[in-house]
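Enquirer: This structure is in structure tokens; I'll ask about it shortly.
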Amino acid sequence: MSAYFLFSLLIVVSATLSYINTKFLKLPKAIGLTILSMTFAVLCGSFLSEHNFLFIALSSFDFKTTVLEGMLSFLLFANALHFNMIDLRKEIKAVFALASIGLILSAVITAILIYIFCHIVGVDISFGYCLVFGALISPTDPIAVISTLAGNKAVPGYIKTRVVGESLFNDATGIVLFVVLSHIVFFGSGGDYGSQTSGWVTYSWIITKQISLEAGGGILLGWLFAKVAMLFINSNKDSETSIFITLAIATMGYLIAHSLHVSGPIAMVTAGLFIGHSLSQRKENCPDQVEKLDRFWLVIDNMLNSFLFILIGLELSSIKFDHIAIWIGIAGIFIVTIARFISISVPITIIDRSLTKASAKSNLLMAWSGIRGGISLALALSLPAEGNIIISMTYVVVVLSILAQG
């Protein structure tokens, strides 16, 4: 089926389900669209034959490519564009600690706890598989996090800044960690992983070096993109031209980052942050230009958010579930939250230099606010066939995270 037909079908499904949710269910977008799209996938799978064009179409969506190579750059740029950079500067130490050390701690603790749980219940799974699962499930999803926290007035401002800031920057760490570990486990000495101390040291160095290069390069490139973009925007007051300039950054900029082997997500976040900050200063002189630009990216953000949650639900029809993996996934949502709480508490306690009941409650709230979403699922779907248990576990954790924490 053609890409145009699949895109048209996605538009029709999104319009229909969005109408049902806003008119009748009136649930938060993340929860409502995920439930409705999963229900739609189940109904299609139950009542349509495998040769029906609609069933074939739903199975034809390439979730991984659509998210990682299509939607992610736009979503990250749009989210960063509307994020308050002044607030981020106040919490910059906490954000980078959570997005680096915190994420690696979370991945390792998750792997250990999943491995112990599986052996307690009699499920034979290698520690390498658990590490891969820990790496892909530990990054919090910026799209899901921002969509959920945006209108939540009960969450203190500094916690929102830390959680959202972390979610914007932890993709680079998580993706590098996942790529290295999945290569070791599925294409290297997976079964013997961790048995050789020299291997651990070598791979730890590779991971550290790669994260530093990709993140550092992404920040530098994103800053350069922002400078070039603002050079053109400042010299032209036309709104449409400004929109085209930012679209150029979000499209070609992402491709350039990948061609230079630096983090595309980090480059988009950095560019969005600096451009957004510059536009806020320009608002007094050119209010019409800035307002139209903001509105455009707000519409893009909302539309792609809806697409993402619907695609997560529709993916239910494509995944071959292992019933054992489903039960591990249900336990996994608790394990992942516990691991996140521990991985948050360690760096935050060091940075804030305090450990009180109030700080523990704040850390618990941050742990619960860290929602998993489409990025984790897209990474899982890039695994070979033998990683199906990880795909099933990831889908269960992602859906439960959206429904319970959203």
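Just remember, in the structure tokens the first chain shown is A, the second B, etc., residues are 1-based per chain, and ligands are 1-based in the order shown.
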Excluding Val179 of chain A and any residue of its chain fewer than 6 positions from it, enumerate the residues within 9 Å of it, using only C-alpha atoms, and give them as a list of chain:residue names.

Expert: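 The residues that qualify are A:Val132, A:Ala135, A:Leu379.
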
Enquirer: Convert the current residue selection to file output with N, CA, C and O atoms, as a CSV table (one decimal), in the first residue's frame.

Expert:
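selection_5.csv written:
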chain,number,residue,atom,x,y,z
A,132,VAL,N,19.3,-4.9,27.8
A,132,VAL,CA,18.7,-4.2,26.6
A,132,VAL,C,17.3,-3.6,27.0
A,132,VAL,O,17.0,-2.5,26.6
A,135,ALA,N,17.8,-0.5,29.1
A,135,ALA,CA,18.3,0.6,28.3
A,135,ALA,C,17.2,1.3,27.5
A,135,ALA,O,17.1,2.5,27.4
A,379,LEU,N,12.3,1.7,19.7
A,379,LEU,CA,13.6,1.1,19.9
A,379,LEU,C,13.5,-0.4,20.0
A,379,LEU,O,14.2,-1.2,19.4

Enquirer: Hey, what's within 9 Å of Lys160 of chain A if we count only C-alpha atoms and toss same-chain stuff fewer than 2 positions away? As a ChimeraX atom specification, please?

Expert: /A:146,149-150,155-158,162-165,366,369

Enquirer: Give me the residues near segment 350-353 of chain A as a PyMOL selection string, where near means some atom within 10 Å (using only C-alpha atoms) and where sequence neighbours in that chain fewer than 3 positions away do not count.

Expert: chain A and resi 93-94+97+345-347+359

Enquirer: Go ahead and save the picked residues with C-alpha atoms, as a short mmCIF file (atom, residue, chain, number, x, y, z; two decimals), in the first residue's frame.

Expert:
data_model
loop_
_atom_site.label_atom_id
_atom_site.label_comp_id
_atom_site.auth_asym_id
_atom_site.auth_seq_id
_atom_site.Cartn_x
_atom_site.Cartn_y
_atom_site.Cartn_z
CA LYS A 93 22.66 20.47 36.98
CA ALA A 94 19.75 18.27 37.99
CA ALA A 97 22.59 14.49 36.04
CA SER A 345 17.30 9.88 44.50
CA VAL A 346 21.06 9.30 44.17
CA PRO A 347 22.04 12.24 41.88
CA SER A 359 12.82 15.69 49.11
#

Enquirer: Please determine, counting only C-alpha atoms, which residue among A:Tyr129, A:Tyr115, A:Tyr4, A:Phe307 has the shortest atom-to-atom distance to Lys29 of chain A.

Expert: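 Under the stated criterion, the closest residue is A:Phe307.
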
Enquirer: Would you kindly return, as a list in words, each protein, DNA or RNA residue with an atom no farther than 12 Å from any atom of Ile35 of chain A, considering only C-alpha atoms and excluding same-chain residues fewer than 4 positions away?

Expert: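 Listing them by chain and then by number gives Leu17, Ser18, Ile20, Asn21, Leu25, Leu27, Pro28, Lys29, Ala30, Ile31, Thr39, Phe40, Ala41, Val42, Phe309, Ile310, Leu311, Ile312, Gly313, Leu314, Leu316, Val399, Leu400, Ile402, Leu403, Ala404 and Gly406 of chain A.
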
Enquirer: If you count only C-alpha atoms, which residues fall within 12 Å of Phe5 of chain A, apart from same-chain ones fewer than 5 positions away, as a count of residues only?

Expert: 9

Enquirer: Residues within 6 Å of segment 321-338 of chain A, please, as a JSON list (two decimals) with C-alpha atoms, in the first residue's frame. Count only C-alpha atoms; anything in the same chain fewer than 3 positions from it doesn't count.

Expert:
[["chain", "number", "residue", "atom", "x", "y", "z"],
["A", 110, "THR", "CA", 15.88, -2.21, 36.02],
["A", 341, "PHE", "CA", 13.00, 6.36, 42.06],
["A", 389, "ILE", "CA", 9.91, -11.13, 24.46],
["A", 392, "SER", "CA", 6.06, -7.64, 24.25],
["A", 393, "MET", "CA", 7.36, -6.49, 27.65],
["A", 396, "VAL", "CA", 2.86, -3.65, 28.06],
["A", 397, "VAL", "CA", 4.99, -1.25, 30.14]]

Enquirer: So that I can check the secondary structure, give me every residue of segment 181-391 of chain A assigned helix (DSSP H, G or I) by backbone DSSP, as a ChimeraX atom specification.

Expert: /A:181-187,190-192,197-234,239-259,264-282,287-317,323-352,357-369,374-380,385-391

Enquirer: Taking only C-alpha atoms into account, name the residue in A:Ile233, A:Leu247, A:Ile371, A:Ala358 that is nearest to Ser73 of chain A.

Expert: A:Leu247

Enquirer: Give me, please, the distance in Å between atom CA of Ser147 of chain A and atom CA of Ile109 of chain A, quoted to one decimal.

Expert: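 So the answer is 27.0 Å.
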
Enquirer: Considering only C-alpha atoms, return as a PyMOL selection string whatever protein or nucleic-acid residues lie within 9 Å of segment 249-253 of chain A, sequence-local ones (same chain, fewer than 6 positions apart) excluded.

Expert: chain A and resi 70+73-74+76-78+221-222+225-226+229+264+267-268+271-272

Enquirer: With N, CA, C and O atoms retained, could you export that selection as a PDB file, in the first residue's frame?

Expert:
ATOM      1  N   GLY A  70      10.757  10.038  11.276  1.00  0.00           N
ATOM      2  CA  GLY A  70       9.775  10.958  10.738  1.00  0.00           C
ATOM      3  C   GLY A  70       9.271  11.984  11.733  1.00  0.00           C
ATOM      4  O   GLY A  70       9.432  13.196  11.531  1.00  0.00           O
ATOM      5  N   SER A  73      11.944  14.330  15.190  1.00  0.00           N
ATOM      6  CA  SER A  73      12.627  15.625  15.058  1.00  0.00           C
ATOM      7  C   SER A  73      11.649  16.788  15.224  1.00  0.00           C
ATOM      8  O   SER A  73      11.949  17.778  15.895  1.00  0.00           O
ATOM      9  N   PHE A  74      10.457  16.668  14.622  1.00  0.00           N
ATOM     10  CA  PHE A  74       9.448  17.716  14.728  1.00  0.00           C
ATOM     11  C   PHE A  74       8.932  17.860  16.160  1.00  0.00           C
ATOM     12  O   PHE A  74       8.759  18.966  16.667  1.00  0.00           O
ATOM     13  N   LEU A  76      10.384  16.923  19.049  1.00  0.00           N
ATOM     14  CA  LEU A  76      11.398  17.438  19.982  1.00  0.00           C
ATOM     15  C   LEU A  76      11.636  18.920  19.765  1.00  0.00           C
ATOM     16  O   LEU A  76      11.764  19.691  20.720  1.00  0.00           O
ATOM     17  N   PHE A  77      11.707  19.333  18.501  1.00  0.00           N
ATOM     18  CA  PHE A  77      11.915  20.756  18.198  1.00  0.00           C
ATOM     19  C   PHE A  77      10.750  21.590  18.716  1.00  0.00           C
ATOM     20  O   PHE A  77      10.956  22.638  19.348  1.00  0.00           O
ATOM     21  N   ALA A  78       9.517  21.117  18.479  1.00  0.00           N
ATOM     22  CA  ALA A  78       8.324  21.857  18.916  1.00  0.00           C
ATOM     23  C   ALA A  78       8.252  21.949  20.436  1.00  0.00           C
ATOM     24  O   ALA A  78       7.942  23.009  20.996  1.00  0.00           O
ATOM     25  N   LEU A 221      26.010  21.412  17.495  1.00  0.00           N
ATOM     26  CA  LEU A 221      25.350  21.546  16.199  1.00  0.00           C
ATOM     27  C   LEU A 221      23.994  22.243  16.339  1.00  0.00           C
ATOM     28  O   LEU A 221      23.633  23.091  15.511  1.00  0.00           O
ATOM     29  N   GLY A 222      23.246  21.895  17.390  1.00  0.00           N
ATOM     30  CA  GLY A 222      21.955  22.540  17.630  1.00  0.00           C
ATOM     31  C   GLY A 222      22.099  24.035  17.874  1.00  0.00           C
ATOM     32  O   GLY A 222      21.293  24.838  17.372  1.00  0.00           O
ATOM     33  N   PHE A 225      22.773  25.637  14.522  1.00  0.00           N
ATOM     34  CA  PHE A 225      21.525  25.732  13.760  1.00  0.00           C
ATOM     35  C   PHE A 225      20.683  26.922  14.232  1.00  0.00           C
ATOM     36  O   PHE A 225      20.110  27.661  13.428  1.00  0.00           O
ATOM     37  N   ALA A 226      20.605  27.083  15.555  1.00  0.00           N
ATOM     38  CA  ALA A 226      19.803  28.178  16.127  1.00  0.00           C
ATOM     39  C   ALA A 226      20.367  29.537  15.734  1.00  0.00           C
ATOM     40  O   ALA A 226      19.605  30.464  15.398  1.00  0.00           O
ATOM     41  N   ALA A 229      19.536  30.099  12.049  1.00  0.00           N
ATOM     42  CA  ALA A 229      18.094  30.345  11.895  1.00  0.00           C
ATOM     43  C   ALA A 229      17.721  31.749  12.342  1.00  0.00           C
ATOM     44  O   ALA A 229      16.985  32.465  11.645  1.00  0.00           O
ATOM     45  N   GLY A 264      20.896  13.463  16.786  1.00  0.00           N
ATOM     46  CA  GLY A 264      19.851  14.262  16.153  1.00  0.00           C
ATOM     47  C   GLY A 264      18.854  14.800  17.158  1.00  0.00           C
ATOM     48  O   GLY A 264      18.499  15.987  17.106  1.00  0.00           O
ATOM     49  N   ALA A 267      20.382  17.670  19.060  1.00  0.00           N
ATOM     50  CA  ALA A 267      20.531  18.829  18.175  1.00  0.00           C
ATOM     51  C   ALA A 267      19.199  19.568  18.020  1.00  0.00           C
ATOM     52  O   ALA A 267      19.144  20.801  18.058  1.00  0.00           O
ATOM     53  N   MET A 268      18.106  18.806  17.860  1.00  0.00           N
ATOM     54  CA  MET A 268      16.782  19.422  17.702  1.00  0.00           C
ATOM     55  C   MET A 268      16.338  20.119  18.991  1.00  0.00           C
ATOM     56  O   MET A 268      15.764  21.204  18.959  1.00  0.00           O
ATOM     57  N   ALA A 271      18.513  23.322  19.415  1.00  0.00           N
ATOM     58  CA  ALA A 271      18.082  24.350  18.452  1.00  0.00           C
ATOM     59  C   ALA A 271      16.746  24.950  18.872  1.00  0.00           C
ATOM     60  O   ALA A 271      16.566  26.179  18.850  1.00  0.00           O
ATOM     61  N   GLY A 272      15.807  24.095  19.273  1.00  0.00           N
ATOM     62  CA  GLY A 272      14.488  24.568  19.704  1.00  0.00           C
ATOM     63  C   GLY A 272      14.569  25.472  20.923  1.00  0.00           C
ATOM     64  O   GLY A 272      13.880  26.497  20.994  1.00  0.00           O
TER      65      GLY A 272
END

Enquirer: From the set A:Lys64, A:His119, A:Lys90, A:Lys292, which residue has the shortest atom-to-atom contact distance to Thr241 of chain A, counting only C-alpha atoms?

Expert: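 Closest candidate: A:Lys292.
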
Enquirer: Counting only C-alpha atoms, which residue out of A:Ile211, A:Leu81, A:Ile348, A:Leu365 sits closest to Val290 of chain A?

Expert: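 Looking at the shortest contact to Val290 of chain A, the residue is A:Leu81.
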